[in-house]
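Only one structure is covered here, and it is reproduced in the block below.
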Number of protein chains: 2
Amino acid sequence: MEMAKKLNYEPNPFASSLRRQQSKTIAVIVPEVANNFFSLAIKAIEEVARAKDYHVLIYQTHESGEIEASFMTSLLSGRVDGVLISPASHVAGKEYFQKVREKIPMVFFDRDHADIEGVKITTDDYDSAYNATQHLVDAGCKTIGYLAALETLTTGKKRLQGYQDALKNNNLMCRAGLIVSNCENNEPCRSKIKDFISEQRPDGILSSIEELALPCYYACKELQLNIPKDLKLITFSNLSHAELLNPPLSTINQPAFEIGDEAATILFKMFSKRWYDPNITISLKSNIIKRESTQS
Amino acid sequence: MEMAKKLNYEPNPFASSLRRQQSKTIAVIVPEVANNFFSLAIKAIEEVARAKDYHVLIYQTHESGEIEASFMTSLLSGRVDGVLISPASHVAGKEYFQKVREKIPMVFFDRDHADIEGVKITTDDYDSAYNATQHLVDAGCKTIGYLAALETLTTGKKRLQGYQDALKNNNLMCRAGLIVSNCENNEPCRSKIKDFISEQRPDGILSSIEELALPCYYACKELQLNIPKDLKLITFSNLSHAELLNPPLSTINQPAFEIGDEAATILFKMFSKRWYDPNITISLKSNIIKRESTQS
DNA sequence: GTGAAAGCGCTAACAC
DNA sequence: GTGTTAGCGCTTTCAC
């Protein structure tokens, strides 16, 4: 042992992993790293892993189901001891979720599919969307639009449902034209949102993801509409400086760090058999922060 | 081979790595993942790696030299085939850089130490800081403050030098009180910046990192100073929506994605011996975007 | 071409 | 305790 220290001996991790049949590595599969929510969640995951002396492999799907499938399948080799995943919104088969789950401990975080069982750490998407919509109603909005996203995922479905139920319970119309779909972060999105605002003239908008809310600022500038006078806006977002926008943006702030932390912590409990429920959804509360963009 | 396919055979990566003495994995060591610049760079790196069928291990140092040293040392085991690193600002010895570099291909990106040799992908920090300062002078500023960061790194030193030289060449004073040091993202930072503004009354500020610029917005609010009338502000930043801030923030935008892409691409060239210069600095140009926060 | 065998560096098991 | 050994699953070499 003295000799080892003196020679700066570092054991070969592959030999060790091969022999012990474990990798001391976990995989994190996310749509994008360059996103406030995911980079914060990854930060938390990485910290938990480091404390346990585990390594973290990062994979980005860019929302592609094919890429997701190929990553997941490659993990079947035993390269990692566990998987944390926030699934892609473009779905291309789902068999691999089950396949991986049978072999390796796995935790879904933030996003999930209703028809896939598993341990899931999510936020209260339905309540958040409902409450945010109610907040718009309370601020005086009558024609509330919804910028939809993640529609293939439970996450997106619940947000939409919360919006719709809130409208219904306030006896507000919920016509199809008020819901903008299929406009995830590609370029046409910006003009689509602009067209939506100028044609439908909503006086309130709930955006289901941050990437669709910021284009509203640009659209309103171009259309010479004033936020919040002409249009009130609230969005799911983890922008840390929403308060500095012009006007300050009301947000539904998801506890990104806590989700990552909780998901990773549970994964490690699964490793050490201190976790027994293979099919549970834990929901953390999001935080609605009311700012000037929804002021009446 | 047919059989293999039919049974969904996935080769054991550890056995393979052990035998072939290579891991098909690269390490990325960054201060923080949750940072616009680094998450974009990581995004690029991950894409290059994926195209080459490589895996990416992520490590965060949280600016700690000790953590950095322990990660780097552990890489000596052969766990990864190459390293991309943006060093921590708190330095605790530097021997390990040389040690790792002797054994594994390694590329510095964005940040580096002047006294460590190696392949380095940086931006034109000196020019950017000089030009940004000149821009403040051109906008009429006479008392220009500098929010310093990364002072142990070449990156920070060059930015400071660019600021100082620009002042000198414009015959403006460059007294010590105008440079705020040691205020990296901890909480006291905000009050320190506020005190600085209220005591020194600068009419212009160049911030060397985004994390120090946004507190200026809050400080000005509290001090009831108007940006840009009372104080003009420009900062190094990769905030994608600087334009939406109130007022829109002038930024020195570093090509984060390109830096990550270039660094990873060169690392792979080193793997295949298509890269011969072990000691070169490649500098990419940053882009100064002038917005309302520096309007005269 | 086809097949057998050695060995990468560890660790766990077993014999002493 | 202390020392020896087998074998994790590949890949490469070498013999045919």
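Residues in the structure tokens are named by chain (A, B, ... in the order shown) and by number from 1 within that chain; ligands are numbered from 1 in the order shown.
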Sort by chain and increasing residue number a table of all residues of chain C within 10 Å of chain B, each with its closest pair of atoms and their distance in Å to one decimal, counting only C-alpha atoms (C1' of nucleotides), and write it as CSV.
```
residue,atom,partner,partner_atom,distance
C:DG7,C1',B:Arg19,CA,8.2
C:DC8,C1',B:Arg19,CA,4.5
C:DG9,C1',B:Leu18,CA,7.8
```
Considering only C-alpha atoms, tabulate each residue of region 32-106 of chain B that lies at most 12 Å from region 71-78 of chain A along with its nearest interatomic pair and the corresponding distance in Å to one decimal; arrange the rows by chain and ascending residue number and present them as a tab-separated table.
```
residue	atom	partner	partner_atom	distance
B:Arg50	CA	A:Phe71	CA	9.9
B:Asp53	CA	A:Phe71	CA	10.5
B:Tyr54	CA	A:Phe71	CA	11.4
B:His55	CA	A:Phe71	CA	10.1
```
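The residue set within 8 Å of Ser296 (chain A), counting only C-alpha atoms (C1' of nucleotides) and dropping same-chain residues fewer than 5 places from it, reads Ala139, Gly140, Pro228 and Lys229 of chain A.
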Considering only C-alpha atoms, tabulate each residue of chain A that lies at most 8 Å from chain B along with its nearest interatomic pair and the corresponding distance in Å to one decimal; arrange the rows by chain and ascending residue number and present them as a tab-separated table.
```
residue	atom	partner	partner_atom	distance
A:Glu10	CA	B:Ser77	CA	5.1
A:Pro11	CA	B:Ser77	CA	6.2
A:Asn12	CA	B:Ser77	CA	5.4
A:Pro13	CA	B:Arg79	CA	6.3
A:Phe14	CA	B:Phe14	CA	4.9
A:Ala15	CA	B:Leu18	CA	6.0
A:Ser17	CA	B:Phe14	CA	6.4
A:Leu18	CA	B:Phe14	CA	5.5
A:Glu32	CA	B:Lys43	CA	7.3
A:Val33	CA	B:Ser39	CA	5.7
A:Ala34	CA	B:Ser39	CA	4.6
A:Asn35	CA	B:Ser39	CA	7.6
A:Asn36	CA	B:Ala34	CA	6.9
A:Ser39	CA	B:Ala34	CA	4.7
A:Leu40	CA	B:Ala34	CA	5.2
A:Ile42	CA	B:Val33	CA	7.2
A:Lys43	CA	B:Val33	CA	5.9
A:Glu46	CA	B:Tyr59	CA	7.3
A:His55	CA	B:Leu57	CA	7.0
A:Val56	CA	B:Leu57	CA	5.6
A:Leu57	CA	B:Leu57	CA	4.7
A:Ile58	CA	B:Val56	CA	5.9
A:Tyr59	CA	B:Glu46	CA	7.3
A:Gln60	CA	B:Glu46	CA	7.4
A:Ser74	CA	B:Glu10	CA	6.9
A:Leu76	CA	B:Glu10	CA	6.8
A:Ser77	CA	B:Glu10	CA	5.1
A:Gly78	CA	B:Asn12	CA	6.8
A:Arg79	CA	B:Pro13	CA	6.3
A:Tyr217	CA	B:Leu244	CA	7.5
A:Leu244	CA	B:Leu245	CA	5.4
A:Leu245	CA	B:Leu245	CA	4.1
A:Asn246	CA	B:Asn246	CA	4.8
A:Pro247	CA	B:Asn246	CA	7.3
```
Select from region 107-291 of chain A everything DSSP, run on the backbone, classes as alpha helix (DSSP H), then give the selection as number ranges by chain. A: 125-138, 154-169, 188-200, 210-223, 256-271
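Each of B:Ser207, B:Thr133, B:Ser128, B:Thr265 was compared to Asn287 (chain B) using only C-alpha atoms, and B:Ser128 turns out to be the nearest.
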Among region 52-261 of chain B, which ones does DSSP assign to strand (DSSP E or B) (computed from the backbone)? Answer as a ChimeraX atom specification. /B:55-60,82-85,106-109,119-123,144-147,179-180,204-207,232-236,245,250-253
Residue list for chain D near chain B as a PyMOL selection string, 10 Å, only C-alpha atoms (C1' of nucleotides): chain D and resi 8-12
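For DA15 (chain D), the non-local neighbours within 12 Å, defined as residues at least 3 positions apart in the same chain or in other chains and counting only C-alpha atoms (C1' of nucleotides), are DT2, DG3, DA4 and DA5 of chain C.
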Do a neighbour search on Arg101 (chain B) at 10 Å with only C-alpha atoms (C1' of nucleotides), toss out local chain neighbours closer than 2 positions, and write the hits as a PyMOL selection string. chain B and resi 72+76+82-83+96-99+103-107+117-119+278
Pick out the residues sitting within 8 Å of region 253-264 of chain B, and hand them over as a PyMOL selection string; count only C-alpha atoms (C1' of nucleotides), and ignore anything fewer than 2 positions along from it in its own chain. chain B and resi 37-38+40-45+48-49+84+107-110+120-123+236-238+251+266-268+284-289
Let me see the file: selected residues, N, CA and C atoms, as a compact mmCIF listing (two decimals), in the first residue's frame.
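For reference, part-v4.txt as written:
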```
# COMPACT_ATOMS: atom_id res chain seq x y z
N PHE B 37 -22.67 29.58 -21.10
CA PHE B 37 -21.50 29.30 -21.93
C PHE B 37 -21.15 27.82 -21.92
N PHE B 38 -21.04 27.24 -20.74
CA PHE B 38 -20.58 25.86 -20.67
C PHE B 38 -21.61 24.86 -21.17
N LEU B 40 -23.67 25.31 -23.53
CA LEU B 40 -23.61 25.35 -25.00
C LEU B 40 -22.36 24.63 -25.52
N ALA B 41 -21.25 24.85 -24.86
CA ALA B 41 -20.01 24.19 -25.27
C ALA B 41 -20.15 22.68 -25.13
N ILE B 42 -20.76 22.25 -24.04
CA ILE B 42 -20.96 20.83 -23.81
C ILE B 42 -21.87 20.24 -24.88
N LYS B 43 -22.88 21.00 -25.22
CA LYS B 43 -23.78 20.55 -26.28
C LYS B 43 -22.98 20.24 -27.56
N ALA B 44 -22.09 21.15 -27.92
CA ALA B 44 -21.29 20.94 -29.12
C ALA B 44 -20.38 19.73 -28.96
N ILE B 45 -19.74 19.63 -27.81
CA ILE B 45 -18.82 18.52 -27.57
C ILE B 45 -19.55 17.19 -27.66
N VAL B 48 -20.18 16.20 -31.28
CA VAL B 48 -18.99 15.68 -31.96
C VAL B 48 -18.71 14.25 -31.48
N ALA B 49 -18.79 14.07 -30.18
CA ALA B 49 -18.49 12.75 -29.61
C ALA B 49 -19.48 11.70 -30.12
N LEU B 84 -11.12 17.32 -22.18
CA LEU B 84 -11.37 18.72 -22.53
C LEU B 84 -11.57 19.44 -21.23
N VAL B 107 -7.14 19.02 -24.31
CA VAL B 107 -7.33 20.34 -24.91
C VAL B 107 -7.96 21.28 -23.88
N PHE B 108 -7.36 22.43 -23.71
CA PHE B 108 -7.98 23.47 -22.88
C PHE B 108 -8.98 24.22 -23.74
N PHE B 109 -10.11 24.57 -23.15
CA PHE B 109 -11.01 25.44 -23.91
C PHE B 109 -11.51 26.59 -23.04
N ASP B 110 -11.64 27.73 -23.67
CA ASP B 110 -12.06 28.97 -23.02
C ASP B 110 -11.04 29.50 -22.01
N LYS B 120 -4.82 24.92 -26.86
CA LYS B 120 -5.80 25.79 -26.21
C LYS B 120 -6.72 26.45 -27.22
N ILE B 121 -8.00 26.34 -26.97
CA ILE B 121 -8.98 27.04 -27.80
C ILE B 121 -9.58 28.14 -26.94
N THR B 122 -9.28 29.38 -27.28
CA THR B 122 -9.77 30.47 -26.46
C THR B 122 -10.50 31.49 -27.33
N THR B 123 -10.91 32.58 -26.70
CA THR B 123 -11.41 33.68 -27.51
C THR B 123 -10.48 34.86 -27.36
N PHE B 236 -19.24 40.42 -20.71
CA PHE B 236 -19.03 39.12 -21.35
C PHE B 236 -20.25 38.27 -20.97
N SER B 237 -20.89 37.67 -21.95
CA SER B 237 -22.09 36.91 -21.63
C SER B 237 -22.58 36.08 -22.81
N ASN B 238 -23.17 34.94 -22.52
CA ASN B 238 -23.82 34.15 -23.56
C ASN B 238 -25.32 34.02 -23.32
N THR B 251 -23.62 43.02 -24.98
CA THR B 251 -22.84 41.86 -24.56
C THR B 251 -21.63 41.60 -25.45
N ILE B 266 -10.49 18.91 -32.49
CA ILE B 266 -9.03 18.80 -32.38
C ILE B 266 -8.64 17.61 -31.52
N LEU B 267 -9.38 17.40 -30.44
CA LEU B 267 -9.07 16.25 -29.59
C LEU B 267 -9.12 14.95 -30.40
N PHE B 268 -10.14 14.83 -31.24
CA PHE B 268 -10.24 13.61 -32.05
C PHE B 268 -9.13 13.53 -33.09
N LEU B 284 -10.68 32.18 -31.13
CA LEU B 284 -11.87 32.50 -31.93
C LEU B 284 -12.35 33.89 -31.55
N LYS B 285 -13.00 34.52 -32.48
CA LYS B 285 -13.44 35.90 -32.24
C LYS B 285 -14.76 35.94 -31.50
N SER B 286 -14.82 36.78 -30.46
CA SER B 286 -16.10 37.06 -29.83
C SER B 286 -16.78 38.18 -30.59
N ASN B 287 -18.03 38.37 -30.26
CA ASN B 287 -18.86 39.29 -31.03
C ASN B 287 -19.48 40.31 -30.08
N ILE B 288 -19.12 41.57 -30.23
CA ILE B 288 -19.71 42.59 -29.37
C ILE B 288 -21.06 43.02 -29.94
N ILE B 289 -22.09 42.88 -29.15
CA ILE B 289 -23.42 43.28 -29.61
C ILE B 289 -23.86 44.49 -28.81
```
Skip DG3 (chain D) itself and residues of its chain fewer than 2 positions away, then list as a PyMOL selection string all residues within 10 Å of it, counting only C-alpha atoms (C1' of nucleotides). (chain C and resi 15-16) or (chain D and resi 5)
Since we have the selection now, will you write its residues out, keeping N, CA and C atoms (P, O5', C5', C4', C3', O3' and C1' of nucleotides), as a compact mmCIF listing (two decimals), in the first residue's frame?
```txt
# COMPACT_ATOMS: atom_id res chain seq x y z
P DA C 15 -10.78 -24.57 -0.54
O5' DA C 15 -9.24 -24.95 -0.44
C5' DA C 15 -8.35 -24.64 -1.51
C4' DA C 15 -7.03 -24.17 -0.93
C3' DA C 15 -6.57 -25.01 0.27
O3' DA C 15 -5.19 -25.33 0.12
C1' DA C 15 -6.57 -22.71 0.82
P DC C 16 -4.54 -26.42 1.10
O5' DC C 16 -3.74 -25.54 2.16
C5' DC C 16 -2.51 -24.90 1.75
C4' DC C 16 -2.17 -23.79 2.73
C3' DC C 16 -1.77 -24.28 4.13
O3' DC C 16 -0.35 -24.25 4.25
C1' DC C 16 -3.09 -22.27 4.16
P DT D 5 -0.76 -20.46 -7.60
O5' DT D 5 -2.30 -20.14 -7.86
C5' DT D 5 -3.30 -20.97 -7.26
C4' DT D 5 -4.65 -20.62 -7.86
C3' DT D 5 -4.64 -20.45 -9.38
O3' DT D 5 -5.86 -20.98 -9.86
C1' DT D 5 -5.49 -18.50 -8.39
```
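Note that CA of Ala88 (chain B) and CA of Lys24 (chain B) are 25.3 Å apart.
Across the model, the gap from CA of Lys232 (chain A) to CA of Gly177 (chain A) is 17.7 Å.
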